[in-house]
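Read through the structure below, which is laid out as C-alpha cells, and then see the notes.
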Amino acid sequence: MLKTTPLNQTHRAMNAKMVDFGGWDMPLHYGSQLDEHHKVRSDAGMFDVSHMLAVDIKGESTRAFLRQLFANNVDKLTQPGKALYSCMLNPQGGVIDDLIIYFLTESWFRVVVNAGTADKDMAWMQARRDELAPGLEITPRRDLAMIAVQGPNARAKVWQVIAGSQAVTENLKLFQATTFDQYFIARTGYTGEDGFEIILPATDAANFWNALHAAGVAPAGLGARDTLRLEAGMNLYGQDMDEAANPLESGLGWTVDLKSERDFIGKQALLATPVTQQLIGLLLLDRGVLRSHQKVIARHDGTEAEGEITSGGFSPTLNQSIALARLPSQVSAGDEVQVVVRDKMLRAKVVKYPFVRNGKSLI
Amino acid sequence: MDIPTNLKYTKSHEWVRLEDDGSVTIGITQHAQELLGDMVFAEIPQVGRKLKQREECAVVESVKAAADVYAPISGEVTAVNSELQSAPEKINQDAYAAWLFKLKPSNTADLDGLLDAAGYQKVLESEAH
C-alpha cells in the first residue's frame, strides 16, 4: 500500500501520471515534464513535497544538541527564521541524510528531511537525543503539507494568493523563513530559481494548491524537479551521496564545518580519512544521454582513472546531457573524459557546476 | 487507447507497417511513448545494417529513461527517419507517424508471428495487472 500526501486526489484530478517514489504515490508529471521544467525556469511552477517530513525539535538545550548532531554548524543561525543546509552523519562520516534546519526560537528548531530516509532519520535523532539531550521533544509533523512554488514569478503569485503575505515575506533573504497565519513561508527551493517553500496544515493544502493553479502556477512533478535540481547542481540523497559516501567527496564540503572547535558526529572519521575524489560536473559532447552509474574514464598524465556518474540526465535548458560524477581529485574542469554508454565511449567535458541558475546557463 | 488496426505489433511495443513494395516500416507504440515520457534522443541503425529478429537495434531515450528497440523481424535497414535526430519529440506528438526505420524482410515468415491490434491490446491488458 503506497503512502499518499494530502494532495493525492488533487493530482489525480489534474491527470497526473503517478509513480511509486520510494513507497509514496507521487506525480511524475501532468503531461509534459519538459514543459513543466521550462515553466519553472521562465514563470512559476509548484511541487507537492509533502512526502518530505518536517520534524520539530523543542526544548531548552536544542541548539547544543544540534551542534553535535549536524555536520554544519547551527551557530551560524543567529536570526530567528534563518535556515541552514546540512548533512547528518554517522560516526564513520557517511551521510545519513541531507536536510534543512530552521531556527525559530532558542527552544524550537524545525528540520525538514527527505521522504525516503524519514523513518531512519527519526530513529537516529531519537536515539541520539536519548543519549545526549533526554529532555528534548522530537515531533514528526505528518499533520503538515509542503508545497514548493518556484520560478521568477513564484513569489508574486504567492502574494496574490495569500492576502497580506507580501508585506511580511518580500524582505526575506535567501534561506530565511517566517510564519504568516497558518503558513510557514521559506525562501528556499530545489530548482535554482527564486521562490518559496511553504509548510501549511494538511487540511488546507488542496485549497491552497488550487488557488495557486488559478493564479497561473503550473503543477510540476518529480520528473521536472529532478532535471531542475540537476541543472542547479544540487545533490540528491541516495544518488549523489549516501551512508557509504564521504560528504567531502560528494560536493558537500561547503556544508561541513571542520574549522570550529565543536565536535560533531562523524567529525573524527572525516579528519582521519584522506579525500581522493570529488563531485564535479560533466557536459556531454557527443549525442546521447548520461545516466547515473555510467562509468567515466579519465586520462591524466598517461594514467587512467575511473569514476562514476552519480546523477545524469538531459538538461532542457542547455538542450544537451549533463551529469554529476564522482571522479578522482586530480581531474579538473576543462579536461575531456570518456563515458561508457552501452557499447560506446562518449566524450564529455569536465565542468564546474551549477549548470543553470535563475533561468540562465552558467556553462 | 486507440490501437490502429492497419498495423502489426510486438510484445516489446514496436509497431510494424507492411508497405506495398514488400518493405516494412517500424516505430514504437503510443503506449511505449506514454510510458517513457518526453523524448530527448533517438539512436537509429544505419542504412544497410542487417538485423536479426529481436536484435537490439535502436535506442530511444526520454527525460526519464533509455529504452531499447528490438527488430520485429529479420531484414536489412533500407531507410531511417533522420528527422528524429533533431526532433525526437515527434515520437511523443504522434507515435504512429514518427517511424524509426524501414526494413527489407529477409524472412517473410517472421511477419506471421507479429500481433494484430487485438493481440497487442491483450498484451497491454496483461501488463496493466
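For the C-alpha cells, the naming scheme is as follows: chains receive sequential letters (A, B, ...) according to their order of presentation, residues are indexed from 1 within each chain, and ligands are indexed from 1 in presentation order.
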
Test item: residues at most 9 Å from Ala87 of chain B, only C-alpha atoms, excluding those fewer than 6 positions along its chain, as a list in words = Met39, Val40, Phe41 and Ala42 of chain B

Produce a table with one row for each residue of chain B that has an atom at most 12 Å from any atom of chain A, each row naming the nearest atom pair and its distance in Å at one decimal; use only C-alpha atoms; arrange rows by chain and rising residue number; format as a Markdown table.
```
| residue | atom | partner | partner_atom | distance |
| --- | --- | --- | --- | --- |
| B:Gln33 | CA | A:Ser32 | CA | 11.8 |
| B:Glu34 | CA | A:Gly31 | CA | 9.4 |
| B:Leu35 | CA | A:Lys17 | CA | 9.4 |
| B:Leu36 | CA | A:Gln33 | CA | 10.8 |
| B:Gly37 | CA | A:Ser32 | CA | 7.1 |
| B:Asp38 | CA | A:Ser32 | CA | 6.4 |
| B:Met39 | CA | A:Leu34 | CA | 9.4 |
| B:Val40 | CA | A:Phe314 | CA | 7.2 |
| B:Phe41 | CA | A:Gly288 | CA | 6.2 |
| B:Ala42 | CA | A:Gly288 | CA | 8.0 |
| B:Glu43 | CA | A:Gly288 | CA | 8.0 |
| B:Ile44 | CA | A:Gly288 | CA | 11.7 |
| B:Glu56 | CA | A:Arg342 | CA | 11.4 |
| B:Ala58 | CA | A:Arg342 | CA | 11.6 |
| B:Val59 | CA | A:Gly288 | CA | 9.7 |
| B:Val60 | CA | A:Gly288 | CA | 9.6 |
| B:Glu61 | CA | A:Val289 | CA | 7.3 |
| B:Ser62 | CA | A:Phe314 | CA | 8.3 |
| B:Val63 | CA | A:Phe314 | CA | 6.0 |
| B:Lys64 | CA | A:Gly223 | CA | 7.3 |
| B:Ala65 | CA | A:Arg291 | CA | 8.4 |
| B:Ala66 | CA | A:Val289 | CA | 8.2 |
| B:Ala67 | CA | A:Arg342 | CA | 11.5 |
| B:Asp68 | CA | A:Arg342 | CA | 10.6 |
| B:Gln85 | CA | A:Arg287 | CA | 9.2 |
| B:Ser86 | CA | A:Arg287 | CA | 10.4 |
| B:Ala87 | CA | A:Asn319 | CA | 11.6 |
| B:Pro88 | CA | A:Gly288 | CA | 11.7 |
| B:Glu89 | CA | A:Leu34 | CA | 10.4 |
| B:Asn92 | CA | A:Ser32 | CA | 9.7 |
| B:Gln93 | CA | A:Ser32 | CA | 11.2 |
```

Contacts of Phe196 of chain A at 8 Å (only C-alpha atoms; same-chain gap of 2+ positions) as a ChimeraX atom specification | /A:148-150,154-155,185-189,194,198

Keeping only N, CA and C atoms, write those residues as a compact mmCIF listing (two decimals), in the first residue's frame.
```txt
# COMPACT_ATOMS: atom_id res chain seq x y z
N ALA A 148 6.23 23.56 -2.75
CA ALA A 148 7.30 24.44 -3.22
C ALA A 148 6.78 25.20 -4.44
N VAL A 149 6.83 26.52 -4.39
CA VAL A 149 6.42 27.37 -5.52
C VAL A 149 7.70 28.03 -6.02
N GLN A 150 8.07 27.72 -7.27
CA GLN A 150 9.41 28.09 -7.75
C GLN A 150 9.35 28.74 -9.13
N ALA A 154 7.32 33.26 -8.97
CA ALA A 154 6.71 32.44 -7.91
C ALA A 154 6.29 33.28 -6.71
N ARG A 155 7.17 34.15 -6.27
CA ARG A 155 6.83 34.90 -5.06
C ARG A 155 5.61 35.80 -5.31
N ILE A 185 6.55 30.15 5.67
CA ILE A 185 7.00 30.50 4.33
C ILE A 185 8.51 30.69 4.33
N ALA A 186 9.21 29.90 3.52
CA ALA A 186 10.67 29.95 3.48
C ALA A 186 11.13 30.28 2.06
N ARG A 187 12.13 31.15 1.96
CA ARG A 187 12.68 31.48 0.64
C ARG A 187 13.79 30.48 0.32
N THR A 188 13.35 29.27 0.05
CA THR A 188 14.28 28.17 -0.24
C THR A 188 13.72 27.39 -1.43
N GLY A 189 14.47 26.43 -1.90
CA GLY A 189 13.97 25.62 -3.01
C GLY A 189 15.03 24.67 -3.52
N ASP A 194 14.26 31.45 -7.88
CA ASP A 194 13.70 32.11 -6.70
C ASP A 194 12.37 31.42 -6.36
N ILE A 198 6.56 26.33 1.17
CA ILE A 198 5.52 26.71 2.12
C ILE A 198 5.01 25.48 2.85
```

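Taking atom CA of Ile147 of chain A and atom CA of Val161 of chain A as the two end points, the separation is 13.4 Å.
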
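Here the question is which of B:Lys11, B:Lys50, B:Lys122, B:His129 gets nearest to Lys104 of chain B using only C-alpha atoms, and that residue is B:Lys50.
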
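Between atom CA of Glu249 of chain A and atom CA of Ala269 of chain A the separation is 13.5 Å.
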
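The protein and nucleic acid residues lying at most 9 Å from segment 232-238 of chain A are Val95, Ile96, Asp97, Asp98, Asn114, Gly116, Thr117, Tyr190, Thr191, Gly192, Glu193, Asp226, Ser250, Gly251, Leu252, Gly281, Ser311, Ala323, Leu324, Tyr353, Pro354, Phe355, Val356, Arg357 and Asn358 of chain A, with only C-alpha atoms considered and sequence neighbours fewer than 6 positions away removed.
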
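Put simply, atom CA of Gly23 of chain A is 5.3 Å away from atom CA of Leu2 of chain A.
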
Quick one: DSSP alpha helix (DSSP H) residues in segment 2-76 of chain B, as a PyMOL selection string?
-> chain B and resi 30-36

Can you write out the residues you just picked, keeping C-alpha atoms, as a short mmCIF file (atom, residue, chain, number, x, y, z; two decimals), in the first residue's frame?
```
data_model
loop_
_atom_site.label_atom_id
_atom_site.label_comp_id
_atom_site.auth_asym_id
_atom_site.auth_seq_id
_atom_site.Cartn_x
_atom_site.Cartn_y
_atom_site.Cartn_z
CA GLN B 30 1.71 5.11 -28.33
CA HIS B 31 1.78 3.04 -25.15
CA ALA B 32 5.60 2.92 -25.17
CA GLN B 33 5.77 6.65 -25.84
CA GLU B 34 3.45 7.37 -22.92
CA LEU B 35 5.45 5.19 -20.56
CA LEU B 36 8.71 6.88 -21.47
#
```

Strand (DSSP E or B) per DSSP on the backbone: members of segment 30-82 of chain B, as a ChimeraX atom specification | /B:39-43,50-51,56-62,66-70,75-80

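Nearest to Tyr183 of chain A of all the residues A:Gln239, A:Thr169, A:Asn153, A:Ser61 is A:Thr169, based on only C-alpha atoms.
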